[in-house]
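S.K.: So here's structure_13.cif (mmCIF, C-alpha atoms and all ligand atoms).
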```cif
data_protein
#
loop_
_atom_site.label_atom_id
_atom_site.label_comp_id
_atom_site.auth_asym_id
_atom_site.auth_seq_id
_atom_site.Cartn_x
_atom_site.Cartn_y
_atom_site.Cartn_z
CA MET A 1 5.15 -6.37 18.50
CA ARG A 2 7.50 -3.45 17.90
CA MET A 3 10.36 -3.80 15.40
CA ILE A 4 13.06 -1.56 14.01
CA GLY A 5 13.76 -1.91 10.29
CA LEU A 6 17.07 -0.69 8.84
CA MET A 7 17.43 -0.28 5.10
CA SER A 8 20.44 0.97 3.17
CA GLY A 9 20.22 0.43 -0.56
CA THR A 10 22.43 0.69 -3.61
CA SER A 11 21.98 4.47 -3.87
CA LEU A 12 24.47 4.60 -0.98
CA ASP A 13 22.66 7.66 0.38
CA GLY A 14 22.64 6.29 3.93
CA VAL A 15 20.37 4.33 6.21
CA ASP A 16 16.63 4.63 6.73
CA ALA A 17 15.59 3.48 10.20
CA VAL A 18 11.90 2.90 10.85
CA MET A 19 10.07 1.95 14.04
CA ALA A 20 7.03 -0.22 13.35
CA ASP A 21 4.23 -1.59 15.48
CA PHE A 22 2.48 -4.72 14.25
CA ASP A 23 -1.13 -5.47 15.09
CA ALA A 24 -2.43 -9.01 15.57
CA SER A 25 -3.12 -9.39 11.86
CA GLY A 26 0.54 -8.63 11.12
CA ARG A 27 -0.06 -5.24 9.56
CA PRO A 28 2.75 -2.80 10.36
CA ARG A 29 2.13 0.76 11.42
CA PRO A 30 5.17 3.02 11.06
CA CYS A 31 5.65 5.11 14.19
CA GLY A 32 8.97 6.85 13.69
CA HIS A 33 11.60 7.35 11.01
CA ILE A 34 15.05 8.83 10.72
CA HIS A 35 17.40 8.99 7.75
CA SER A 36 21.03 8.87 8.72
CA PRO A 37 23.14 9.87 5.70
CA TYR A 38 26.47 8.21 4.94
CA SER A 39 29.40 10.62 4.96
CA ALA A 40 30.62 11.48 1.46
CA GLU A 41 33.82 9.59 2.28
CA LEU A 42 31.97 6.41 3.31
CA ALA A 43 29.74 6.55 0.22
CA ARG A 44 32.82 6.97 -1.97
CA THR A 45 34.58 4.06 -0.27
CA LEU A 46 31.52 1.83 -0.70
CA ARG A 47 31.21 2.82 -4.35
CA GLY A 48 34.81 1.79 -4.86
CA VAL A 49 34.34 -1.80 -3.64
CA ASN A 50 34.95 -4.27 -6.46
CA ALA A 51 36.23 -7.79 -7.14
CA ASP A 52 39.79 -6.70 -6.33
CA THR A 53 39.04 -5.11 -2.96
CA PRO A 54 41.27 -6.77 -0.33
CA LEU A 55 39.42 -8.96 2.16
CA ALA A 56 40.90 -7.02 5.11
CA HIS A 57 39.42 -3.79 3.71
CA THR A 58 36.01 -5.45 3.25
CA LEU A 59 36.04 -6.73 6.83
CA MET A 60 36.88 -3.26 8.12
CA LEU A 61 33.88 -1.92 6.19
CA ASP A 62 31.71 -4.68 7.67
CA ALA A 63 32.68 -3.53 11.16
CA ARG A 64 32.44 0.16 10.36
CA LEU A 65 28.94 -0.18 8.89
CA ALA A 66 27.82 -2.03 12.02
CA GLY A 67 28.77 1.11 13.95
CA VAL A 68 26.74 3.27 11.57
CA TYR A 69 23.70 0.99 11.97
CA ALA A 70 23.96 0.85 15.76
CA ALA A 71 24.17 4.67 15.85
CA ALA A 72 21.08 4.92 13.62
CA VAL A 73 19.18 2.68 16.07
CA GLU A 74 20.19 4.93 18.98
CA SER A 75 19.06 8.04 17.07
CA LEU A 76 15.74 6.41 16.26
CA LEU A 77 15.15 5.37 19.88
CA LYS A 78 15.91 8.92 20.97
CA ALA A 79 13.77 10.55 18.26
CA THR A 80 10.76 8.38 19.06
CA GLY A 81 11.21 8.34 22.83
CA SER A 82 10.76 4.59 22.61
CA ALA A 83 12.18 2.39 25.38
CA ARG A 84 14.65 -0.24 24.23
CA SER A 85 12.71 -2.84 26.22
CA GLN A 86 9.65 -2.26 24.02
CA VAL A 87 11.54 -3.26 20.86
CA SER A 88 11.49 -6.97 19.99
CA ALA A 89 14.31 -6.87 17.45
CA ILE A 90 16.14 -4.99 14.73
CA ALA A 91 15.74 -6.20 11.15
CA LEU A 92 18.94 -5.34 9.34
CA HIS A 93 19.25 -5.44 5.57
CA GLY A 94 22.91 -4.40 5.55
CA GLN A 95 24.79 -2.77 2.69
CA THR A 96 25.08 -4.83 -0.45
CA LEU A 97 28.74 -4.93 -1.46
CA TRP A 98 28.36 -7.71 -3.97
CA HIS A 99 25.41 -9.44 -5.60
CA ALA A 100 26.08 -11.99 -8.31
CA PRO A 101 23.07 -14.30 -8.54
CA ARG A 102 24.21 -15.77 -11.86
CA ALA A 103 27.74 -16.62 -10.76
CA GLU A 104 28.51 -20.29 -10.11
CA PRO A 105 27.87 -20.68 -7.26
CA PRO A 106 25.62 -17.60 -6.85
CA VAL A 107 26.86 -15.19 -4.17
CA THR A 108 25.63 -12.10 -2.35
CA CYS A 109 27.11 -10.00 0.44
CA GLN A 110 25.35 -7.51 2.73
CA ALA A 111 27.88 -5.88 5.05
CA GLY A 112 27.28 -4.47 8.55
CA ASP A 113 28.16 -7.20 11.04
CA PRO A 114 24.91 -8.17 12.84
CA SER A 115 26.84 -9.54 15.85
CA ARG A 116 28.28 -6.12 16.51
CA VAL A 117 24.91 -4.41 16.03
CA ALA A 118 23.33 -6.81 18.56
CA GLU A 119 26.19 -6.27 21.02
CA ALA A 120 26.18 -2.48 20.64
CA THR A 121 22.42 -2.01 20.91
CA GLY A 122 21.52 -4.78 23.35
CA LEU A 123 18.76 -5.85 20.95
CA PRO A 124 18.33 -9.04 18.92
CA VAL A 125 19.12 -8.62 15.23
CA VAL A 126 17.62 -10.45 12.26
CA ALA A 127 19.92 -10.28 9.21
CA ASP A 128 21.22 -12.22 6.18
CA PHE A 129 17.85 -12.27 4.42
CA ARG A 130 19.23 -12.58 0.89
CA GLN A 131 21.78 -15.27 1.72
CA ARG A 132 19.06 -17.68 2.72
CA ASP A 133 17.07 -17.09 -0.45
CA LEU A 134 20.19 -17.76 -2.55
CA ALA A 135 20.90 -20.88 -0.53
CA ALA A 136 17.38 -22.08 -1.34
CA GLY A 137 17.95 -21.62 -5.07
CA GLY A 138 16.52 -18.10 -5.44
CA VAL A 139 18.21 -15.11 -7.08
CA GLY A 140 18.25 -13.30 -3.71
CA ALA A 141 16.26 -10.27 -4.85
CA PRO A 142 13.88 -8.61 -4.87
CA LEU A 143 12.44 -9.62 -1.51
CA ALA A 144 10.16 -6.59 -1.44
CA PRO A 145 7.20 -8.11 -3.37
CA VAL A 146 6.03 -10.16 -0.37
CA PHE A 147 5.81 -7.14 1.87
CA HIS A 148 4.54 -4.89 -0.90
CA ALA A 149 1.71 -7.42 -1.08
CA ALA A 150 1.14 -7.15 2.68
CA LEU A 151 1.20 -3.34 2.60
CA PHE A 152 -0.43 -2.50 -0.72
CA GLY A 153 -2.36 -5.60 -1.83
CA ALA A 154 -5.81 -4.61 -3.13
CA ASP A 155 -8.96 -6.06 -4.66
CA GLN A 156 -7.73 -5.06 -8.09
CA ARG A 157 -4.48 -5.94 -9.83
CA ARG A 158 -1.71 -3.56 -8.89
CA CYS A 159 2.00 -3.04 -9.55
CA VAL A 160 4.39 -1.51 -7.03
CA VAL A 161 7.67 -0.07 -8.23
CA ASN A 162 10.44 0.79 -5.81
CA VAL A 163 12.93 3.20 -7.32
CA GLY A 164 16.17 2.98 -5.35
CA GLY A 165 19.62 2.73 -6.89
CA VAL A 166 18.10 0.06 -9.12
CA ALA A 167 14.36 -0.23 -9.68
CA ASN A 168 12.32 -3.28 -8.77
CA LEU A 169 8.77 -4.19 -9.64
CA SER A 170 6.19 -6.17 -7.67
CA VAL A 171 3.21 -7.57 -9.56
CA LEU A 172 0.25 -8.08 -7.23
CA ALA A 173 -2.75 -10.17 -8.26
CA ALA A 174 -6.31 -9.14 -7.44
CA GLY A 175 -6.72 -10.03 -3.77
CA GLY A 176 -3.16 -8.95 -3.03
CA ARG A 177 -0.94 -12.00 -3.59
CA ALA A 178 2.56 -11.26 -4.97
CA GLU A 179 2.60 -12.99 -8.31
CA ARG A 180 6.00 -11.94 -9.56
CA GLY A 181 8.79 -9.51 -8.81
CA PHE A 182 12.07 -8.56 -10.40
CA ASP A 183 14.58 -5.78 -10.94
CA THR A 184 13.58 -3.75 -14.00
CA GLY A 185 16.94 -2.00 -14.50
CA PRO A 186 18.48 1.30 -13.41
CA GLY A 187 16.71 3.43 -10.84
CA ASN A 188 18.49 6.49 -9.44
CA ALA A 189 22.13 5.37 -9.42
CA LEU A 190 23.13 6.52 -12.92
CA MET A 191 21.28 9.81 -12.49
CA ASP A 192 22.97 10.30 -9.11
CA ALA A 193 26.37 9.81 -10.77
CA GLY A 194 25.50 12.59 -13.25
CA ALA A 195 24.46 14.89 -10.39
CA ARG A 196 27.71 14.23 -8.53
CA ARG A 197 29.77 14.94 -11.59
CA TYR A 198 28.02 18.00 -13.01
CA LEU A 199 26.05 19.53 -10.13
CA ASP A 200 28.41 18.58 -7.31
CA ALA A 201 25.30 17.32 -5.53
CA ALA A 202 24.30 13.90 -4.21
CA PHE A 203 21.26 13.88 -6.50
CA ASP A 204 19.28 16.02 -8.93
CA ARG A 205 16.56 17.45 -6.69
CA ASP A 206 13.09 16.83 -8.17
CA GLY A 207 14.85 15.80 -11.39
CA ALA A 208 14.88 19.51 -12.26
CA TRP A 209 18.20 19.41 -14.08
CA ALA A 210 17.21 16.35 -16.14
CA ALA A 211 13.90 18.03 -16.96
CA SER A 212 15.78 21.01 -18.43
CA GLY A 213 17.51 18.75 -20.98
CA ARG A 214 16.32 16.86 -24.03
CA THR A 215 16.16 13.08 -24.39
CA ASP A 216 18.40 11.79 -27.18
CA PRO A 217 16.26 9.10 -28.88
CA ALA A 218 19.18 7.38 -30.66
CA PHE A 219 21.22 7.15 -27.47
CA LEU A 220 18.17 5.95 -25.52
CA ALA A 221 17.57 3.23 -28.12
CA GLN A 222 21.15 2.07 -27.73
CA LEU A 223 20.84 1.83 -23.95
CA LEU A 224 17.52 0.01 -24.28
CA ALA A 225 19.16 -2.62 -26.50
CA ASP A 226 20.87 -4.17 -23.44
CA ALA A 227 19.90 -7.84 -23.25
CA TYR A 228 18.90 -7.56 -19.56
CA PHE A 229 15.67 -5.72 -20.39
CA GLU A 230 14.47 -8.57 -22.64
CA ARG A 231 15.25 -11.36 -20.23
CA PRO A 232 12.13 -12.78 -18.60
CA PRO A 233 11.87 -12.84 -14.79
CA PRO A 234 12.96 -14.07 -12.31
CA LYS A 235 15.93 -11.73 -12.59
CA SER A 236 17.88 -9.53 -10.22
CA LEU A 237 20.76 -7.20 -10.87
CA ASP A 238 24.38 -7.44 -9.96
CA VAL A 239 25.28 -4.29 -8.07
CA LYS A 240 27.61 -3.18 -10.86
CA THR A 241 25.50 -4.05 -13.92
CA PHE A 242 24.25 -0.60 -14.83
CA ASP A 243 27.07 1.64 -13.68
CA GLN A 244 29.21 4.40 -15.11
CA HIS A 245 31.38 1.81 -16.86
CA TRP A 246 28.32 0.35 -18.61
CA LEU A 247 27.18 3.82 -19.62
CA ASP A 248 30.59 4.90 -20.89
CA GLY A 249 30.75 1.75 -23.02
CA HIS A 250 28.13 3.19 -25.39
CA THR A 251 29.07 5.40 -28.32
CA GLY A 252 27.05 8.36 -29.58
CA GLN A 253 26.73 10.04 -26.18
CA PRO A 254 24.75 13.28 -26.26
CA ALA A 255 27.11 16.27 -26.49
CA ARG A 256 25.49 18.10 -23.57
CA PRO A 257 25.63 16.51 -20.09
CA VAL A 258 22.10 17.77 -19.41
CA ASP A 259 20.79 15.83 -22.42
CA ARG A 260 22.54 12.73 -21.20
CA GLN A 261 20.86 13.22 -17.82
CA ALA A 262 17.47 13.64 -19.51
CA THR A 263 18.12 10.41 -21.43
CA LEU A 264 19.00 8.54 -18.22
CA LEU A 265 15.75 9.68 -16.64
CA ALA A 266 13.89 8.51 -19.75
CA LEU A 267 15.73 5.16 -19.52
CA THR A 268 14.51 4.59 -15.95
CA ALA A 269 10.94 5.56 -16.84
CA GLU A 270 10.90 3.54 -20.06
CA THR A 271 12.34 0.34 -18.58
CA ILE A 272 9.85 0.44 -15.70
CA ALA A 273 6.90 1.11 -18.02
CA SER A 274 7.86 -1.57 -20.54
CA ALA A 275 8.41 -4.12 -17.74
CA ILE A 276 4.87 -3.35 -16.53
CA GLU A 277 3.52 -3.78 -20.07
CA ARG A 278 5.29 -7.08 -20.56
CA TRP A 279 5.05 -8.74 -17.19
CA GLY A 280 2.74 -6.58 -15.08
CA GLY A 281 -0.51 -8.29 -16.14
CA GLU A 282 -2.70 -5.24 -16.79
CA PRO A 283 -2.64 -3.53 -13.38
CA ARG A 284 -5.43 -1.19 -12.40
CA ASP A 285 -2.85 1.23 -10.95
CA VAL A 286 0.85 1.56 -10.19
CA VAL A 287 2.28 2.59 -6.81
CA ILE A 288 5.70 4.23 -6.72
CA THR A 289 7.91 4.11 -3.67
CA GLY A 290 11.58 4.65 -2.70
CA GLY A 291 13.64 7.79 -3.24
CA GLY A 292 12.61 7.94 -6.90
CA ALA A 293 9.08 8.83 -5.81
CA ALA A 294 10.47 12.24 -4.79
CA ASN A 295 11.85 12.79 -8.28
CA THR A 296 8.92 14.72 -9.71
CA ALA A 297 10.32 14.75 -13.24
CA LEU A 298 10.66 10.96 -13.15
CA CYS A 299 7.11 10.57 -11.84
CA ARG A 300 5.84 12.86 -14.58
CA ALA A 301 7.65 10.86 -17.27
CA LEU A 302 6.43 7.54 -15.88
CA ASN A 303 2.87 8.78 -15.46
CA HIS A 304 2.87 10.03 -19.04
CA ARG A 305 4.29 6.76 -20.34
CA LEU A 306 1.79 4.62 -18.39
CA GLY A 307 -1.18 6.62 -19.66
CA ASP A 308 -4.55 7.41 -18.11
CA ASP A 309 -5.59 3.75 -17.79
CA ARG A 310 -2.88 3.02 -15.24
CA PRO A 311 -2.69 5.95 -12.81
CA LEU A 312 0.52 6.39 -10.85
CA LEU A 313 0.12 6.85 -7.07
CA THR A 314 2.82 7.43 -4.52
CA SER A 315 2.85 5.16 -1.48
CA ASP A 316 2.33 8.35 0.57
CA GLU A 317 -1.14 8.53 -0.96
CA LEU A 318 -1.77 5.07 0.49
CA GLY A 319 -0.56 6.13 3.93
CA ILE A 320 3.08 5.03 3.94
CA PRO A 321 5.82 7.56 3.16
CA ALA A 322 7.88 6.44 0.16
CA SER A 323 11.16 6.81 2.04
CA GLN A 324 9.98 4.35 4.73
CA VAL A 325 8.51 1.47 2.72
CA GLU A 326 11.64 -0.63 2.28
CA ALA A 327 12.80 -0.29 5.90
CA LEU A 328 9.27 -1.09 7.04
CA GLY A 329 9.32 -4.10 4.74
CA PHE A 330 12.45 -5.48 6.36
CA ALA A 331 10.83 -4.98 9.76
CA TRP A 332 7.99 -7.10 8.36
CA LEU A 333 10.43 -9.81 7.19
CA GLY A 334 12.28 -9.70 10.53
CA ARG A 335 9.03 -10.25 12.43
CA ALA A 336 8.23 -13.24 10.22
CA ALA A 337 11.65 -14.74 11.02
CA LEU A 338 11.20 -14.21 14.77
CA ARG A 339 7.84 -15.95 14.60
CA GLY A 340 9.28 -18.79 12.55
CA GLU A 341 7.00 -18.01 9.62
CA PRO A 342 8.19 -19.13 6.19
CA VAL A 343 8.06 -16.55 3.40
CA ASP A 344 7.02 -17.74 -0.04
CA LEU A 345 9.30 -16.32 -2.72
CA THR A 346 9.01 -19.30 -5.06
CA SER A 347 7.23 -17.32 -7.78
CA ILE A 348 9.48 -14.27 -7.29
CA THR A 349 13.12 -15.21 -6.78
CA GLY A 350 12.72 -18.81 -7.87
CA ALA A 351 13.48 -20.20 -4.39
CA ARG A 352 12.69 -23.91 -4.23
CA ARG A 353 10.28 -23.67 -1.30
CA PRO A 354 8.90 -21.19 1.24
CA ILE A 355 11.67 -20.47 3.74
CA ILE A 356 12.25 -18.73 7.04
CA LEU A 357 14.37 -15.83 5.81
CA GLY A 358 17.17 -14.43 7.89
CA GLY A 359 19.47 -15.43 10.70
CA ILE A 360 18.73 -14.41 14.29
CA TYR A 361 21.49 -12.90 16.40
CA PRO A 362 20.34 -12.82 20.02
CA ALA A 363 20.88 -9.72 22.16
N1 LIG B 1 13.81 15.22 -3.72
C1 LIG B 1 14.39 14.31 -4.53
N2 LIG B 1 14.50 14.55 -5.85
C2 LIG B 1 15.08 13.66 -6.67
N3 LIG B 1 15.58 12.49 -6.27
C3 LIG B 1 15.50 12.18 -4.97
C4 LIG B 1 14.91 13.06 -4.02
N4 LIG B 1 14.98 12.48 -2.80
C5 LIG B 1 15.59 11.28 -2.97
N5 LIG B 1 15.91 11.10 -4.28
C6 LIG B 1 16.62 9.96 -4.87
O1 LIG B 1 16.43 8.82 -4.07
C7 LIG B 1 17.69 8.20 -3.81
C8 LIG B 1 17.61 7.43 -2.52
O2 LIG B 1 16.58 6.51 -2.65
P1 LIG B 1 16.46 5.21 -1.77
O3 LIG B 1 15.06 4.74 -1.89
O4 LIG B 1 17.01 5.46 -0.43
O5 LIG B 1 17.40 4.22 -2.58
P2 LIG B 1 18.25 2.99 -2.02
O6 LIG B 1 17.27 2.00 -1.51
O7 LIG B 1 18.99 2.51 -3.23
O8 LIG B 1 19.15 3.56 -0.96
C9 LIG B 1 18.68 9.33 -3.86
O9 LIG B 1 19.97 8.87 -4.14
C10 LIG B 1 18.11 10.19 -4.98
O10 LIG B 1 18.50 9.70 -6.24
MG MG B 2 18.67 4.69 0.59
#
```
Please lay out the structure from this file as structure tokens.
Ligand SMILES: Nc1ncnc2c1ncn2[C@@H]1O[C@H](COP(=O)(O)OP(=O)(O)O)[C@@H](O)[C@H]1O
Ligand SMILES: [Mg+2]

M.R.:
Amino acid sequence: MRMIGLMSGTSLDGVDAVMADFDASGRPRPCGHIHSPYSAELARTLRGVNADTPLAHTLMLDARLAGVYAAAVESLLKATGSARSQVSAIALHGQTLWHAPRAEPPVTCQAGDPSRVAEATGLPVVADFRQRDLAAGGVGAPLAPVFHAALFGADQRRCVVNVGGVANLSVLAAGGRAERGFDTGPGNALMDAGARRYLDAAFDRDGAWAASGRTDPAFLAQLLADAYFERPPPKSLDVKTFDQHWLDGHTGQPARPVDRQATLLALTAETIASAIERWGGEPRDVVITGGGAANTALCRALNHRLGDDRPLLTSDELGIPASQVEALGFAWLGRAALRGEPVDLTSITGARRPIILGGIYPA
């Protein structure tokens, strides 16, 4: 079975589209990838969505994103030379505009109208993965641990950390079962905001700018005092929890922007490492994936913090490029939905029972 997975996360960098072939055992093999960046204007518009955004504006974004996703599918088909008829379906994560798992009732919204994507591409679309988990009593995220288990499960205990806009951790038991998974805190988003403001760049390449600054221990301690980090899992983050507003709410900011950037990098590394210490159950190693895996300064800091007993590997070292893991994972979830296979997130999101995740929009 051949699937296309489309992932666009909270970094708002764009969409990763992956082609994946599944063998009989259900193991995916990636066989093509493109990254289609959002325009600076679209990213800015998406960043500006908040509780006061008019519904009409949100619906326009929903339609506009569908066009972006359909175009990404066409580019991927072209790049891989794959025939449309060989593809069973598209698995579409969508763009999270709102995620409030602790609101009453809990709500989440991934934009990018699947009906339009199905109509434009002529392919079935599986979408609305998080909605169904919320409906079943889960916190809607992270969903990744179940496919991290399928991709990276090993004989020994292992943790997988995906560093996107926020960072999420998967705790895999020996034998590969996903035991637990949760958002640890900020990933790249706060660092990206610093790069936009002071480097006029989308991100700090290799973390080089952050690495040229000095961590401010007092400021770091203040940031680490946020109650979220103490809260036991299951937990997932509202899209706006750790944003510029949160950061600006702290006093005693380092005088130099570069030191603030260094402190933000240390915050990401520290919150991941301490989450592994608290809830990771003594893993033999830690696999890093997502865009953060390309941030060499972050990897260095995390590796140092984890120590020699828990080596840090990139998913590339295990055969799957870090930029493709999440899109591949949604292809995996989409295949499960097409086959009517329930996914067990009970120990991860707190869903009441294993559920078939995602709605199917026929071609
Ligand atoms: N070479 C690099 N150096 C530093 N950071 C990088 C590099 N490449 C990607 N990133 C980071 O990864 C982010 C994108 O990661 P991604 O996994 O797509 O996150 P999301 O799932 O939130 O979209 C970028 O915004 C940037 O912060
Ligand atoms: Mg991305």

S.K.: Taking only residues of chain A that have an atom at most 8 Å from an atom of ligand LIG 1 (chain B), what is each one's shortest atom pair and its distance in Å to one decimal, using only C-alpha atoms and all ligand atoms, in chain and number order, as JSON lines?

M.R.:
```
{"residue": "A:Met7", "atom": "CA", "partner": "B:LIG1", "partner_atom": "O6", "distance": 7.0}
{"residue": "A:Ser8", "atom": "CA", "partner": "B:LIG1", "partner_atom": "O8", "distance": 5.0}
{"residue": "A:Gly9", "atom": "CA", "partner": "B:LIG1", "partner_atom": "O8", "distance": 3.3}
{"residue": "A:Thr10", "atom": "CA", "partner": "B:LIG1", "partner_atom": "O7", "distance": 3.9}
{"residue": "A:Ser11", "atom": "CA", "partner": "B:LIG1", "partner_atom": "O7", "distance": 3.6}
{"residue": "A:Leu12", "atom": "CA", "partner": "B:LIG1", "partner_atom": "O8", "distance": 5.4}
{"residue": "A:Asp13", "atom": "CA", "partner": "B:LIG1", "partner_atom": "O9", "distance": 5.4}
{"residue": "A:Gly14", "atom": "CA", "partner": "B:LIG1", "partner_atom": "O8", "distance": 6.6}
{"residue": "A:Val15", "atom": "CA", "partner": "B:LIG1", "partner_atom": "O8", "distance": 7.3}
{"residue": "A:Asp16", "atom": "CA", "partner": "B:LIG1", "partner_atom": "O4", "distance": 7.2}
{"residue": "A:Asn162", "atom": "CA", "partner": "B:LIG1", "partner_atom": "O3", "distance": 7.2}
{"residue": "A:Val163", "atom": "CA", "partner": "B:LIG1", "partner_atom": "O3", "distance": 6.0}
{"residue": "A:Gly164", "atom": "CA", "partner": "B:LIG1", "partner_atom": "O5", "distance": 3.3}
{"residue": "A:Gly165", "atom": "CA", "partner": "B:LIG1", "partner_atom": "O7", "distance": 3.7}
{"residue": "A:Val166", "atom": "CA", "partner": "B:LIG1", "partner_atom": "O7", "distance": 6.4}
{"residue": "A:Gly187", "atom": "CA", "partner": "B:LIG1", "partner_atom": "O10", "distance": 8.0}
{"residue": "A:Asn188", "atom": "CA", "partner": "B:LIG1", "partner_atom": "O10", "distance": 4.5}
{"residue": "A:Ala189", "atom": "CA", "partner": "B:LIG1", "partner_atom": "O10", "distance": 6.5}
{"residue": "A:Met191", "atom": "CA", "partner": "B:LIG1", "partner_atom": "O10", "distance": 6.8}
{"residue": "A:Asp192", "atom": "CA", "partner": "B:LIG1", "partner_atom": "O10", "distance": 5.3}
{"residue": "A:Ala202", "atom": "CA", "partner": "B:LIG1", "partner_atom": "O9", "distance": 6.6}
{"residue": "A:Phe203", "atom": "CA", "partner": "B:LIG1", "partner_atom": "O10", "distance": 5.0}
{"residue": "A:Asp204", "atom": "CA", "partner": "B:LIG1", "partner_atom": "C2", "distance": 5.3}
{"residue": "A:Arg205", "atom": "CA", "partner": "B:LIG1", "partner_atom": "N2", "distance": 3.7}
{"residue": "A:Asp206", "atom": "CA", "partner": "B:LIG1", "partner_atom": "N2", "distance": 3.5}
{"residue": "A:Gly207", "atom": "CA", "partner": "B:LIG1", "partner_atom": "C2", "distance": 5.2}
{"residue": "A:Thr289", "atom": "CA", "partner": "B:LIG1", "partner_atom": "O3", "distance": 7.4}
{"residue": "A:Gly290", "atom": "CA", "partner": "B:LIG1", "partner_atom": "O3", "distance": 3.6}
{"residue": "A:Gly291", "atom": "CA", "partner": "B:LIG1", "partner_atom": "O1", "distance": 3.1}
{"residue": "A:Gly292", "atom": "CA", "partner": "B:LIG1", "partner_atom": "O1", "distance": 4.8}
{"residue": "A:Ala293", "atom": "CA", "partner": "B:LIG1", "partner_atom": "C3", "distance": 7.3}
{"residue": "A:Ala294", "atom": "CA", "partner": "B:LIG1", "partner_atom": "C1", "distance": 4.4}
{"residue": "A:Asn295", "atom": "CA", "partner": "B:LIG1", "partner_atom": "C2", "distance": 3.7}
{"residue": "A:Thr296", "atom": "CA", "partner": "B:LIG1", "partner_atom": "N2", "distance": 6.8}
{"residue": "A:Ala322", "atom": "CA", "partner": "B:LIG1", "partner_atom": "O3", "distance": 7.7}
{"residue": "A:Ser323", "atom": "CA", "partner": "B:LIG1", "partner_atom": "O3", "distance": 5.9}
{"residue": "A:Glu326", "atom": "CA", "partner": "B:LIG1", "partner_atom": "O6", "distance": 7.3}
```

S.K.: Which residue out of A:Ile272, A:Ala327, A:Gly334, A:Val171 has the minimum interatomic distance to ligand MG 2 (chain B) when all atoms listed in the file are used?

M.R.: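 So, comparing all the options, the nearest one is A:Ala327.
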
S.K.: Hey, can you check how far atom CA of Ile4 of chain A sits from atom CA of Gly112 of chain A?

M.R.: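 Between these atoms lies a distance of 15.5 Å.
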
S.K.: Name the closest residue to ligand MG 2 (chain B) among the candidates A:Ser170, A:Gln95, A:Ser75, A:Gln131; distances are taken between atoms, counting all atoms listed in the file.

M.R.: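 Of the candidates, the smallest distance to ligand MG 2 (chain B) is held by A:Gln95.
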
S.K.: Would you compute the distance between atom CA of Arg305 of chain A and atom CA of Phe147 of chain A? Give it in Å to one decimal.

M.R.: 26.2 Å

S.K.: As JSON, please report the centre and edge lengths, rounded to one decimal in Å, of the axis-aligned box that holds all listed atoms of segment 350-363 of chain A with 6 Å of padding on each of the six sides.

M.R.:
```
{"center_x": 15.2, "center_y": -16.8, "center_z": 7.1, "size_x": 24.6, "size_y": 26.2, "size_z": 42.0}
```

S.K.: Go through A:Ala149, A:Ala336, A:Val325, A:Ala218 one by one, measure the shortest atom-to-atom distance of each to ligand MG 2 (chain B) using all atoms listed in the file, and give the residue with the smallest value.

M.R.: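 For ligand MG 2 (chain B), the nearest of the given residues is A:Val325.
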
S.K.: Residues near Gly350 of chain A, anyone? I mean within 10 Å using only C-alpha atoms, not counting same-chain ones fewer than 5 positions away, as a list of chain:residue names.

M.R.: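 The neighbour list is A:Asp133, A:Leu134, A:Ala136, A:Gly137, A:Gly138, A:Val139, A:Gly140, A:Ala141, A:Arg180, A:Pro233, A:Pro234, A:Lys235, A:Asp344, A:Leu345.
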